[in-house]
$ cat run27.tsv   # TSV, C-alpha atoms
chain	number	residue	atom	x	y	z
A	1	MET	CA	9.71	-4.39	-3.04
A	2	MET	CA	6.64	-6.17	-4.44
A	3	SER	CA	7.26	-5.00	-7.99
A	4	ARG	CA	7.53	-7.78	-10.56
A	5	HIS	CA	7.28	-7.05	-14.24
A	6	ALA	CA	5.16	-9.04	-16.65
A	7	ALA	CA	8.13	-10.50	-18.48
A	8	PHE	CA	7.18	-13.95	-17.23
A	9	VAL	CA	4.27	-15.40	-19.16
A	10	LEU	CA	3.17	-19.02	-19.25
A	11	LEU	CA	0.47	-20.15	-21.63
A	12	LEU	CA	-1.09	-23.33	-20.34
A	13	ALA	CA	-3.62	-25.89	-21.52
A	14	PHE	CA	-6.30	-24.75	-19.08
A	15	GLY	CA	-5.30	-21.18	-18.46
A	16	ALA	CA	-2.70	-18.44	-18.57
A	17	VAL	CA	-0.56	-17.23	-15.69
A	18	PHE	CA	0.94	-13.73	-15.66
A	19	GLN	CA	3.31	-12.51	-12.96
A	20	LEU	CA	2.43	-8.85	-12.41
A	21	SER	CA	3.53	-6.12	-10.02
A	22	CYS	CA	0.19	-6.54	-8.22
A	23	GLY	CA	0.58	-10.34	-7.83
A	24	ILE	CA	-0.02	-13.47	-9.87
A	25	GLU	CA	-2.82	-13.32	-12.43
A	26	VAL	CA	-4.54	-16.48	-13.63
A	27	ASN	CA	-7.00	-16.85	-16.51
A	28	VAL	CA	-8.56	-20.33	-16.61
A	29	THR	CA	-10.48	-21.22	-19.76
A	30	LYS	CA	-12.91	-23.92	-20.80
A	31	GLU	CA	-13.80	-24.42	-24.46
A	32	ASP	CA	-11.78	-21.26	-25.26
A	33	LYS	CA	-13.88	-19.15	-22.87
A	34	LEU	CA	-12.74	-17.60	-19.59
A	35	CYS	CA	-14.33	-19.55	-16.72
A	36	LEU	CA	-12.21	-18.53	-13.69
A	37	TYR	CA	-10.19	-15.39	-13.05
A	38	ALA	CA	-7.79	-14.74	-10.16
A	39	ASN	CA	-5.29	-12.04	-9.25
A	40	LEU	CA	-3.67	-12.34	-5.84
A	41	MET	CA	-0.58	-12.17	-3.65
A	42	LEU	CA	0.27	-15.11	-1.39
A	43	ASN	CA	2.89	-15.72	1.31
A	44	PHE	CA	3.57	-18.83	3.35
A	45	SER	CA	4.96	-19.38	6.85
A	46	VAL	CA	5.74	-23.03	7.67
A	47	SER	CA	7.08	-24.40	10.94
A	48	TYR	CA	9.09	-27.64	10.57
A	49	GLU	CA	11.34	-29.85	12.66
A	50	VAL	CA	15.14	-29.67	12.58
A	51	ALA	CA	17.80	-31.42	14.65
A	52	ASP	CA	17.65	-31.72	18.45
A	53	ASN	CA	13.82	-31.65	18.45
A	54	LYS	CA	13.85	-27.97	17.54
A	55	ASN	CA	11.56	-26.16	15.15
A	56	GLN	CA	12.46	-23.70	12.41
A	57	THR	CA	10.16	-21.42	10.41
A	58	ALA	CA	10.35	-21.02	6.64
A	59	VAL	CA	8.81	-17.84	5.21
A	60	PHE	CA	8.41	-17.59	1.44
A	61	GLU	CA	6.13	-16.15	-1.21
A	62	LEU	CA	4.41	-17.75	-4.16
A	63	PRO	CA	7.22	-17.74	-6.74
A	64	ALA	CA	7.17	-16.39	-10.29
A	65	ASN	CA	7.35	-19.87	-11.83
A	66	ALA	CA	4.02	-21.04	-10.41
A	67	THR	CA	1.82	-22.80	-12.97
A	68	ALA	CA	-1.94	-23.19	-13.13
A	69	ASP	CA	-2.39	-26.18	-15.42
A	70	GLY	CA	-4.21	-28.10	-12.67
A	71	SER	CA	-6.98	-25.48	-12.45
A	72	ALA	CA	-10.46	-26.46	-13.67
A	73	CYS	CA	-14.01	-25.15	-14.04
A	74	ASP	CA	-17.45	-26.77	-13.90
A	75	ASN	CA	-21.03	-25.60	-13.48
A	76	THR	CA	-21.12	-26.15	-9.71
A	77	THR	CA	-17.44	-26.42	-8.71
A	78	SER	CA	-14.20	-24.80	-9.79
A	79	MET	CA	-10.62	-24.97	-8.58
A	80	LEU	CA	-7.68	-22.60	-8.70
A	81	LYS	CA	-4.53	-24.73	-8.42
A	82	LEU	CA	-1.00	-23.29	-8.37
A	83	ASP	CA	2.02	-25.63	-8.57
A	84	PHE	CA	5.56	-24.51	-7.82
A	85	GLU	CA	8.83	-26.41	-7.36
A	86	GLY	CA	7.30	-29.62	-6.05
A	87	HIS	CA	4.68	-27.89	-3.89
A	88	SER	CA	1.05	-26.99	-4.63
A	89	TRP	CA	-1.64	-24.66	-3.33
A	90	SER	CA	-5.30	-24.78	-4.36
A	91	MET	CA	-8.63	-23.19	-3.52
A	92	THR	CA	-11.85	-25.04	-4.40
A	93	PHE	CA	-15.10	-23.13	-4.94
A	94	THR	CA	-18.74	-24.22	-4.95
A	95	THR	CA	-21.93	-22.43	-6.03
A	96	ASP	CA	-25.68	-22.76	-5.60
A	97	GLY	CA	-26.35	-20.69	-8.72
A	98	LYS	CA	-26.86	-17.40	-6.84
A	99	ASN	CA	-23.73	-17.15	-4.72
A	100	TYR	CA	-20.37	-18.87	-4.52
A	101	GLN	CA	-17.90	-19.52	-1.74
A	102	ALA	CA	-14.45	-20.96	-1.17
A	103	ALA	CA	-15.03	-24.47	0.16
A	104	ILE	CA	-11.48	-25.58	1.01
A	105	VAL	CA	-7.86	-24.50	0.70
A	106	THR	CA	-5.27	-27.26	0.24
A	107	PHE	CA	-1.53	-26.75	0.59
A	108	SER	CA	0.97	-29.57	-0.03
A	109	TYR	CA	4.64	-28.93	0.69
A	110	ASN	CA	7.67	-31.17	0.26
A	111	LEU	CA	10.08	-31.03	3.20
A	112	SER	CA	12.86	-32.51	1.06
A	113	ASP	CA	13.17	-29.10	-0.64
A	114	SER	CA	16.40	-27.94	1.05
A	115	LYS	CA	16.04	-24.44	-0.43
A	116	LEU	CA	12.82	-23.70	1.41
A	117	PHE	CA	13.30	-26.08	4.33
A	118	PRO	CA	17.02	-26.24	5.17
A	119	ASN	CA	18.08	-28.78	7.80
A	120	SER	CA	14.67	-30.47	7.84
A	121	VAL	CA	14.83	-33.89	9.53
A	122	SER	CA	11.92	-35.10	7.38
A	123	ASN	CA	11.73	-35.67	3.63
A	124	GLU	CA	8.00	-36.32	3.50
A	125	THR	CA	5.32	-34.32	1.69
A	126	LYS	CA	2.77	-32.86	4.06
A	127	THR	CA	-0.72	-31.64	3.23
A	128	VAL	CA	-2.97	-29.26	5.18
A	129	ILE	CA	-6.65	-28.64	4.42
A	130	VAL	CA	-8.59	-25.73	5.86
A	131	LYS	CA	-11.84	-23.87	5.21
A	132	PRO	CA	-11.37	-20.16	4.36
A	133	GLN	CA	-13.75	-17.29	5.16
A	134	MET	CA	-14.71	-16.35	1.59
A	135	LYS	CA	-18.47	-16.85	1.31
A	136	ASP	CA	-21.73	-15.35	-0.02
A	137	VAL	CA	-20.09	-13.87	-3.11
A	138	GLY	CA	-22.60	-12.90	-5.80
A	139	ILE	CA	-22.35	-15.23	-8.78
A	140	ASP	CA	-21.76	-12.40	-11.28
A	141	THR	CA	-19.28	-10.49	-9.10
A	142	CYS	CA	-15.56	-10.55	-8.33
A	143	TYR	CA	-14.48	-11.08	-4.74
A	144	SER	CA	-12.17	-8.18	-3.80
A	145	CYS	CA	-9.98	-7.96	-0.68
A	146	HIS	CA	-6.98	-5.63	-0.37
A	147	SER	CA	-6.53	-6.43	3.33
A	148	LYS	CA	-4.30	-9.27	4.47
A	149	ASP	CA	-6.19	-12.47	5.27
A	150	THR	CA	-4.17	-15.10	7.13
A	151	ILE	CA	-5.48	-18.66	6.84
A	152	GLU	CA	-4.15	-20.75	9.71
A	153	ALA	CA	-3.59	-24.51	9.60
A	154	ASP	CA	-1.42	-27.03	11.46
A	155	SER	CA	2.14	-25.56	11.43
A	156	VAL	CA	1.24	-23.39	8.42
A	157	ASN	CA	0.05	-19.81	7.91
A	158	MET	CA	-1.03	-18.71	4.43
A	159	THR	CA	-1.46	-14.95	3.94
A	160	LEU	CA	-3.47	-13.61	1.00
A	161	TRP	CA	-3.84	-9.94	0.04
A	162	ASN	CA	-4.70	-7.76	-2.96
A	163	VAL	CA	-7.12	-10.53	-3.96
A	164	LEU	CA	-9.49	-10.29	-6.94
A	165	ILE	CA	-11.25	-13.56	-7.83
A	166	GLN	CA	-14.24	-14.54	-9.92
A	167	ALA	CA	-14.65	-18.29	-9.50
A	168	PHE	CA	-17.56	-18.68	-11.96
A	169	VAL	CA	-17.24	-16.36	-14.95
A	170	ILE	CA	-20.46	-15.97	-16.94
A	171	ASN	CA	-20.32	-15.94	-20.76
A	172	GLY	CA	-16.53	-15.69	-20.78
A	173	SER	CA	-16.37	-12.08	-19.55
A	174	LYS	CA	-15.03	-11.04	-16.14
A	175	SER	CA	-17.55	-8.99	-14.17
A	176	GLU	CA	-16.89	-5.36	-13.25
A	177	ASN	CA	-19.08	-5.72	-10.13
A	178	LEU	CA	-17.35	-6.35	-6.79
A	179	THR	CA	-18.18	-8.13	-3.56
A	180	ILE	CA	-15.83	-6.46	-1.06
A	181	CYS	CA	-14.51	-8.45	1.89
A	182	GLU	CA	-15.53	-7.49	5.40
A	183	ALA	CA	-11.99	-6.39	6.33
A	184	ASP	CA	-12.07	-3.75	3.57
A	185	THR	CA	-15.52	-2.48	4.52
A	186	PRO	CA	-15.44	0.22	7.20
A	187	MET	CA	-17.85	0.00	10.12
A	188	THR	CA	-20.94	2.15	9.58
A	189	THR	CA	-23.13	3.89	12.12
A	190	VAL	CA	-26.74	4.88	11.62
A	191	ALA	CA	-27.07	8.65	11.60
A	192	PRO	CA	-30.04	10.14	13.50
A	193	THR	CA	-33.00	11.12	11.35
A	194	THR	CA	-33.30	14.88	10.91
A	195	ALA	CA	-35.63	17.12	8.99
A	196	PRO	CA	-34.39	18.04	5.51
A	197	ARG	CA	-32.42	21.24	5.37
A	198	PRO	CA	-33.79	24.11	3.30
A	199	THR	CA	-32.19	24.58	-0.08
A	200	SER	CA	-29.49	27.23	-0.07
A	201	THR	CA	-27.18	28.66	-2.69
A	202	THR	CA	-24.51	29.37	-0.06
A	203	PRO	CA	-21.36	27.33	-0.75
A	204	ALA	CA	-20.50	24.54	1.70
A	205	PRO	CA	-18.10	25.75	4.42
A	206	THR	CA	-14.43	24.78	4.15
A	207	LEU	CA	-13.51	21.82	6.32
A	208	PRO	CA	-11.42	22.61	9.39
A	209	THR	CA	-7.86	21.31	9.54
A	210	PRO	CA	-8.05	17.60	10.43
A	211	THR	CA	-7.22	16.54	13.98
A	212	THR	CA	-3.67	15.20	14.23
A	213	GLY	CA	-3.88	11.55	15.22
A	214	LYS	CA	-1.09	9.87	17.17
A	215	TYR	CA	-0.83	6.22	16.16
A	216	SER	CA	1.55	3.50	17.27
A	217	TYR	CA	1.75	-0.23	16.74
A	218	LYS	CA	3.42	-2.82	18.95
A	219	PRO	CA	3.41	-6.58	18.35
A	220	ASP	CA	2.08	-7.41	21.84
A	221	GLU	CA	1.26	-5.82	25.16
A	222	ASN	CA	4.67	-6.62	26.62
A	223	SER	CA	6.69	-4.88	23.91
A	224	THR	CA	7.31	-1.26	22.97
A	225	ALA	CA	6.07	0.38	19.80
A	226	CYS	CA	7.90	-0.59	16.60
A	227	LEU	CA	6.00	1.84	14.33
A	228	LEU	CA	5.03	5.43	15.09
A	229	ALA	CA	2.90	7.79	13.01
A	230	ASN	CA	1.42	11.23	13.72
A	231	PHE	CA	-0.64	13.05	11.10
A	232	GLY	CA	-3.88	14.75	10.23
A	233	LEU	CA	-5.62	13.22	7.22
A	234	ARG	CA	-8.25	14.34	4.73
A	235	ILE	CA	-9.68	12.20	1.92
A	236	GLY	CA	-10.97	13.70	-1.33
A	237	VAL	CA	-13.22	11.57	-3.57
A	238	LYS	CA	-14.05	12.73	-7.09
A	239	GLN	CA	-17.64	12.32	-8.28
A	240	GLY	CA	-17.91	13.55	-11.84
A	241	ASP	CA	-16.87	17.21	-11.73
A	242	LYS	CA	-17.29	17.47	-7.96
A	243	LEU	CA	-14.82	16.65	-5.19
A	244	GLU	CA	-16.26	15.46	-1.89
A	245	GLU	CA	-13.88	15.76	1.05
A	246	MET	CA	-13.93	14.29	4.56
A	247	ASN	CA	-11.57	14.48	7.51
A	248	PHE	CA	-10.27	11.26	9.06
A	249	GLU	CA	-11.30	11.16	12.71
A	250	PRO	CA	-8.62	9.61	14.95
A	251	ASN	CA	-10.89	9.22	17.99
A	252	GLY	CA	-12.12	5.63	18.21
A	253	THR	CA	-9.88	4.47	15.36
A	254	GLN	CA	-8.83	0.81	15.46
A	255	ILE	CA	-5.09	0.36	14.92
A	256	SER	CA	-3.33	-2.74	13.63
A	257	GLY	CA	-0.21	-3.46	11.62
A	258	SER	CA	3.06	-5.32	11.40
A	259	CYS	CA	6.77	-4.59	11.73
A	260	GLY	CA	9.27	-6.41	9.55
A	261	LEU	CA	12.88	-6.14	8.55
A	262	ASN	CA	12.14	-4.68	5.11
A	263	SER	CA	8.40	-4.00	5.23
A	264	SER	CA	6.08	-2.52	7.87
A	265	GLU	CA	2.36	-1.80	7.77
A	266	LEU	CA	-0.11	0.43	9.56
A	267	LYS	CA	-3.86	-0.14	9.21
A	268	LEU	CA	-6.37	2.41	10.52
A	269	VAL	CA	-10.11	1.69	10.65
A	270	SER	CA	-12.54	4.48	11.53
A	271	SER	CA	-16.33	4.52	11.34
A	272	SER	CA	-16.29	5.43	7.63
A	273	ILE	CA	-12.76	4.92	6.28
A	274	THR	CA	-10.19	2.11	6.26
A	275	ILE	CA	-6.68	3.07	5.19
A	276	GLU	CA	-3.60	0.85	5.04
A	277	PHE	CA	-0.04	2.20	4.71
A	278	THR	CA	2.81	-0.08	3.58
A	279	PHE	CA	6.38	1.11	4.17
A	280	THR	CA	9.50	-0.49	2.69
A	281	ASN	CA	13.23	0.10	3.02
A	282	ASP	CA	16.33	-0.59	0.92
A	283	THR	CA	18.70	-0.82	3.94
A	284	LYS	CA	19.54	2.89	3.59
A	285	LYS	CA	16.23	4.75	3.30
A	286	PHE	CA	12.58	4.02	3.99
A	287	ARG	CA	9.54	5.25	2.08
A	288	LEU	CA	5.77	4.92	1.85
A	289	HIS	CA	5.44	2.27	-0.87
A	290	ALA	CA	1.72	1.41	-1.02
A	291	LEU	CA	-1.59	2.84	0.10
A	292	ASN	CA	-5.04	1.19	0.16
A	293	VAL	CA	-8.15	3.28	0.95
A	294	THR	CA	-11.72	2.03	1.33
A	295	GLY	CA	-14.61	4.11	2.58
A	296	LYS	CA	-18.01	5.68	2.27
A	297	THR	CA	-18.66	9.37	1.71
A	298	SER	CA	-21.33	11.36	3.52
A	299	SER	CA	-23.44	11.17	0.36
A	300	GLY	CA	-23.34	7.35	0.52
A	301	LEU	CA	-20.79	6.70	-2.24
A	302	MET	CA	-18.67	3.58	-1.58
A	303	PHE	CA	-15.09	3.73	-2.88
A	304	THR	CA	-11.96	1.61	-2.81
A	305	GLU	CA	-8.64	2.58	-4.38
A	306	ALA	CA	-5.05	1.35	-4.11
A	307	ASN	CA	-1.61	2.40	-5.29
A	308	ASN	CA	1.22	-0.13	-4.87
A	309	ASN	CA	3.98	1.86	-6.56
A	310	MET	CA	4.52	4.96	-4.46
A	311	SER	CA	7.69	6.62	-3.18
A	312	LEU	CA	6.65	9.17	-0.55
A	313	TRP	CA	7.72	10.21	2.97
A	314	GLU	CA	11.32	9.17	2.34
A	315	ALA	CA	13.96	9.40	5.07
A	316	THR	CA	17.18	7.73	6.16
A	317	LEU	CA	16.85	4.57	8.24
A	318	GLY	CA	17.34	5.35	11.92
A	319	SER	CA	15.53	8.68	11.57
A	320	SER	CA	11.89	9.77	11.26
A	321	TYR	CA	10.20	11.72	8.46
A	322	MET	CA	8.53	15.03	9.34
A	323	CYS	CA	6.49	17.50	7.31
A	324	ASN	CA	4.35	20.16	9.01
A	325	LYS	CA	3.08	21.74	5.82
A	326	GLU	CA	0.02	20.48	3.96
A	327	GLN	CA	0.74	17.85	1.29
A	328	ASN	CA	-1.57	16.16	-1.19
A	329	PHE	CA	-1.17	12.97	-3.20
A	330	THR	CA	-3.44	11.51	-5.86
A	331	ILE	CA	-3.36	7.77	-5.22
A	332	ALA	CA	-5.78	6.94	-8.03
A	333	SER	CA	-7.92	8.79	-10.53
A	334	LEU	CA	-10.77	9.24	-8.04
A	335	VAL	CA	-9.08	9.57	-4.64
A	336	THR	CA	-6.68	12.19	-3.27
A	337	ILE	CA	-5.28	12.29	0.26
A	338	TYR	CA	-4.23	15.47	2.08
A	339	THR	CA	-1.83	15.21	5.02
A	340	PHE	CA	-1.04	17.68	7.80
A	341	ASN	CA	1.64	17.73	10.54
A	342	VAL	CA	3.19	14.43	9.48
A	343	GLN	CA	5.83	12.55	11.46
A	344	VAL	CA	6.35	8.83	10.76
A	345	GLN	CA	8.91	6.20	11.65
A	346	PRO	CA	8.13	2.66	10.45
A	347	PHE	CA	11.57	1.16	11.22
A	348	GLY	CA	14.19	1.35	13.96
A	349	VAL	CA	11.99	2.82	16.71
A	350	LYS	CA	13.86	2.84	20.04
A	351	LYS	CA	12.15	3.01	23.44
A	352	GLY	CA	8.87	3.89	21.72
A	353	LEU	CA	10.10	7.37	20.72
A	354	PHE	CA	10.68	9.13	17.41
A	355	SER	CA	14.29	9.42	16.27
A	356	THR	CA	15.75	12.66	14.88
A	357	ALA	CA	13.48	13.92	12.13
A	358	VAL	CA	14.32	14.57	8.49
A	359	ASP	CA	12.20	17.62	7.64
A	360	CYS	CA	10.60	17.87	4.21
A	361	GLN	CA	11.27	21.63	4.41
A	362	ALA	CA	14.97	20.85	4.20
A	363	ASP	CA	14.49	19.88	0.57
A	364	ALA	CA	12.98	23.27	-0.17
A	365	ASP	CA	15.74	24.98	1.80
A	366	SER	CA	18.38	23.16	-0.23
A	367	PHE	CA	17.04	24.99	-3.30
A	368	LEU	CA	16.53	28.33	-1.54
A	369	VAL	CA	20.09	28.56	-0.16
A	370	PRO	CA	21.90	28.64	-3.53
A	371	ILE	CA	19.26	31.05	-4.87
A	372	ALA	CA	19.79	33.37	-1.90
A	373	VAL	CA	23.57	33.16	-2.31
A	374	GLY	CA	23.27	33.92	-6.02
A	375	VAL	CA	21.04	36.95	-5.36
A	376	ALA	CA	23.49	38.24	-2.72
A	377	LEU	CA	26.46	37.87	-5.10
A	378	LEU	CA	24.56	39.64	-7.87
A	379	ALA	CA	23.70	42.52	-5.51
A	380	LEU	CA	27.35	42.74	-4.44
A	381	ILE	CA	28.51	42.89	-8.04
A	382	LEU	CA	26.01	45.66	-8.80
A	383	ILE	CA	27.19	47.64	-5.74
A	384	VAL	CA	30.83	47.28	-6.83
A	385	LEU	CA	30.01	48.38	-10.39
A	386	VAL	CA	27.98	51.37	-9.22
A	387	ALA	CA	30.79	52.39	-6.82
A	388	TYR	CA	33.34	52.01	-9.63
A	389	PHE	CA	31.42	54.22	-12.05
A	390	ILE	CA	30.73	56.87	-9.37
A	391	GLY	CA	34.41	56.93	-8.41
A	392	ARG	CA	35.52	57.12	-12.02
A	393	LYS	CA	33.13	60.00	-12.72
A	394	ARG	CA	34.49	61.96	-9.75
A	395	ASN	CA	38.09	61.40	-10.88
A	396	MET	CA	37.27	62.61	-14.38
A	397	ARG	CA	35.63	65.77	-12.96
A	398	THR	CA	38.68	66.49	-10.76
A	399	GLU	CA	41.03	66.07	-13.70
A	400	TYR	CA	38.91	68.42	-15.82
A	401	GLN	CA	38.95	71.14	-13.15
A	402	GLN	CA	42.74	70.88	-12.77
A	403	PHE	CA	43.20	71.15	-16.50
A	404	ASN	CA	41.23	74.42	-16.57

$ encode --input "run27.tsv" --output "structure tokens"
Amino acid sequence: MMSRHAAFVLLLAFGAVFQLSCGIEVNVTKEDKLCLYANLMLNFSVSYEVADNKNQTAVFELPANATADGSACDNTTSMLKLDFEGHSWSMTFTTDGKNYQAAIVTFSYNLSDSKLFPNSVSNETKTVIVKPQMKDVGIDTCYSCHSKDTIEADSVNMTLWNVLIQAFVINGSKSENLTICEADTPMTTVAPTTAPRPTSTTPAPTLPTPTTGKYSYKPDENSTACLLANFGLRIGVKQGDKLEEMNFEPNGTQISGSCGLNSSELKLVSSSITIEFTFTNDTKKFRLHALNVTGKTSSGLMFTEANNNMSLWEATLGSSYMCNKEQNFTIASLVTIYTFNVQVQPFGVKKGLFSTAVDCQADADSFLVPIAVGVALLALILIVLVAYFIGRKRNMRTEYQQFN
């Protein structure tokens, strides 16, 4: 659903804008050197007045024809400015030389745009200014945040996600170092100090099957669940030639999410792992479309990986997906997830209960049935042929005896 190909390219005086499947990418230059880099996804929700003193809400995303020619860089301030169809959105950054932060976000929208704001009683251009939460970002690092961050202002919500920004690029080269947002960083607990274990050549024991967690999301306390998910989960992180694995512990996990007409999300935060599932549907079937994983292994390795072009756990709308056997999926070069006893339903949940399940085993059975039928037919043909030859041999013997 979020896939957009990079066919749209605008080369601008101050920077270049590329519309990619992972969002809009902006390269702002000064004196032919990169000075600001941004890659992000952005949605807007605007409440406005219509007839009879009623309000209506417009929900729209940053369009593919956004331009960045108003963006600028300086030694102490920089600005990412995106203009689209008579509206504009900008984020201004400041730095003290060691760290940088987002100082203000400004959004100006024109209510005379009947496409975005049908039946608006006003034709004026409104502007909201708000201070975001991005702060204390190392000067030679990119700010990274896969999680959704909603910036609230008067009558306006602006939701950012899959954000990668370096507001002050040094020497024209984007940094490979990351400052990860708090929402993507799992909570950590201090382990008790223990004496070092003696060295042993015995291999590490195999992890037990993960506990099956039962997760549900409902918009508020007075509603029933709109998304259900049961599964056991294991994460494998590759370190060189070694694979370190850990089971996801459902006890104490924080659950959040959203339920939409065409897209639903489930976010799980444990003491060491944060994982976000994004489901989409095409009005006939639903599937797991995107997966973001952030965590810390027992050896202290921090990792964050995402895949926004998946097509897993597919089932017909109005049903749930079930798979009791172990499955594994490589979501990126370093991270693999293993799932056990899966049942999910991200759309069309009624009375907080799973609908009839589509079993992943049915796919395997659909191949086994014709094979079994073919084997049975072959065996039947062999039996008929053997019986024919035996009968023919007996007849020939009888005829020979009668002849003599």

$ atom_distance --input "run27.tsv" --atom1 "atom CA of Glu244 of chain A" --atom2 "atom CA of Met310 of chain A"
23.4 Å

$ closest_residue --input "run27.tsv" --among "A:Gly295, A:Gly374, A:Pro63, A:Gly236" --to "Ser333 of chain A" --atoms "only C-alpha atoms"
A:Gly236

$ closest_residue --input "run27.tsv" --among "A:Ala102, A:Ala357, A:Ala167, A:Val26" --to "Leu82 of chain A" --atoms "all atoms listed in the file"
A:Val26

$ residues_around --input "run27.tsv" --residues "Thr95 of chain A" --least-positions-apart "4" --cutoff "9 Å" --atoms "only C-alpha atoms" --output "PyMOL selection string"
chain A and resi 75-78+99-101+139+168

$ atom_distance --input "run27.tsv" --atom1 "atom CA of Ser88 of chain A" --atom2 "atom CA of Tyr48 of chain A"
17.2 Å

$ atom_distance --input "run27.tsv" --atom1 "atom CA of Ser272 of chain A" --atom2 "atom CA of Gln345 of chain A"
25.5 Å

$ residues_around --input "run27.tsv" --residues "Thr127 of chain A" --least-positions-apart "3" --cutoff "12 Å" --atoms "all atoms listed in the file" --output "VMD selection string"
chain A and resid 46 87 to 90 105 to 111 124 130 153 to 156

$ write_last_selection --input "run27.tsv" --atoms "C-alpha atoms" --output "CSV table (one decimal), in the frame of the given file"
chain,number,residue,atom,x,y,z
A,46,VAL,CA,5.7,-23.0,7.7
A,87,HIS,CA,4.7,-27.9,-3.9
A,88,SER,CA,1.0,-27.0,-4.6
A,89,TRP,CA,-1.6,-24.7,-3.3
A,90,SER,CA,-5.3,-24.8,-4.4
A,105,VAL,CA,-7.9,-24.5,0.7
A,106,THR,CA,-5.3,-27.3,0.2
A,107,PHE,CA,-1.5,-26.8,0.6
A,108,SER,CA,1.0,-29.6,0.0
A,109,TYR,CA,4.6,-28.9,0.7
A,110,ASN,CA,7.7,-31.2,0.3
A,111,LEU,CA,10.1,-31.0,3.2
A,124,GLU,CA,8.0,-36.3,3.5
A,130,VAL,CA,-8.6,-25.7,5.9
A,153,ALA,CA,-3.6,-24.5,9.6
A,154,ASP,CA,-1.4,-27.0,11.5
A,155,SER,CA,2.1,-25.6,11.4
A,156,VAL,CA,1.2,-23.4,8.4

$ closest_residue --input "run27.tsv" --among "A:Asn177, A:Leu261, A:Gly252, A:Glu49" --to "Lys214 of chain A" --atoms "only C-alpha atoms"
A:Gly252

$ residues_around --input "run27.tsv" --residues "Pro219 of chain A" --least-positions-apart "5" --cutoff "9 Å" --atoms "only C-alpha atoms" --output "count of residues only"
6

$ closest_residue --input "run27.tsv" --among "A:Glu61, A:His146, A:Leu80, A:Thr141" --to "Leu116 of chain A" --atoms "all atoms listed in the file"
A:Glu61

$ closest_residue --input "run27.tsv" --among "A:Leu40, A:Ala72, A:Cys35, A:Val59" --to "Gln166 of chain A" --atoms "all atoms listed in the file"
A:Cys35

$ residues_around --input "run27.tsv" --residues "Pro118 of chain A" --least-positions-apart "4" --cutoff "9 Å" --atoms "only C-alpha atoms" --output "PyMOL selection string"
chain A and resi 50+56+58+111-114

$ closest_residue --input "run27.tsv" --among "A:Ser271, A:Ala229, A:Met91, A:Asp184" --to "Val342 of chain A" --atoms "only C-alpha atoms"
A:Ala229

$ residues_around --input "run27.tsv" --residues "Tyr215 of chain A" --least-positions-apart "5" --cutoff "8 Å" --atoms "all atoms listed in the file" --output "JSON, numbers by chain"
{"A": [228, 229, 230, 255]}

$ decode --input "run27.tsv" --residues "segment 91-99 of chain A" --atoms "N, CA, C and O atoms" --output "mmCIF file, in the first residue's frame"
data_model
loop_
_atom_site.group_PDB
_atom_site.id
_atom_site.type_symbol
_atom_site.label_atom_id
_atom_site.label_comp_id
_atom_site.auth_asym_id
_atom_site.auth_seq_id
_atom_site.Cartn_x
_atom_site.Cartn_y
_atom_site.Cartn_z
ATOM 1 N N MET A 91 10.317 21.895 8.906
ATOM 2 C CA MET A 91 10.915 21.609 10.207
ATOM 3 C C MET A 91 12.235 22.368 10.274
ATOM 4 O O MET A 91 13.094 22.207 9.394
ATOM 5 N N THR A 92 12.375 23.204 11.290
ATOM 6 C CA THR A 92 13.578 24.025 11.463
ATOM 7 C C THR A 92 14.451 23.423 12.556
ATOM 8 O O THR A 92 13.953 23.032 13.626
ATOM 9 N N PHE A 93 15.761 23.344 12.292
ATOM 10 C CA PHE A 93 16.709 22.730 13.211
ATOM 11 C C PHE A 93 17.717 23.767 13.693
ATOM 12 O O PHE A 93 18.065 24.701 12.958
ATOM 13 N N THR A 94 18.205 23.574 14.925
ATOM 14 C CA THR A 94 19.275 24.416 15.455
ATOM 15 C C THR A 94 20.350 23.513 16.050
ATOM 16 O O THR A 94 20.077 22.355 16.403
ATOM 17 N N THR A 95 21.566 24.045 16.178
ATOM 18 C CA THR A 95 22.670 23.260 16.743
ATOM 19 C C THR A 95 23.569 24.140 17.605
ATOM 20 O O THR A 95 23.698 25.350 17.362
ATOM 21 N N ASP A 96 24.177 23.515 18.608
ATOM 22 C CA ASP A 96 25.176 24.194 19.437
ATOM 23 C C ASP A 96 26.585 23.728 19.103
ATOM 24 O O ASP A 96 27.545 24.028 19.820
ATOM 25 N N GLY A 97 26.701 22.977 18.000
ATOM 26 C CA GLY A 97 28.003 22.475 17.574
ATOM 27 C C GLY A 97 28.264 21.043 17.987
ATOM 28 O O GLY A 97 29.045 20.341 17.340
ATOM 29 N N LYS A 98 27.606 20.582 19.063
ATOM 30 C CA LYS A 98 27.767 19.200 19.525
ATOM 31 C C LYS A 98 26.526 18.365 19.227
ATOM 32 O O LYS A 98 26.628 17.203 18.838
ATOM 33 N N ASN A 99 25.379 18.967 19.442
ATOM 34 C CA ASN A 99 24.104 18.290 19.197
ATOM 35 C C ASN A 99 23.185 19.193 18.396
ATOM 36 O O ASN A 99 23.412 20.403 18.327
#
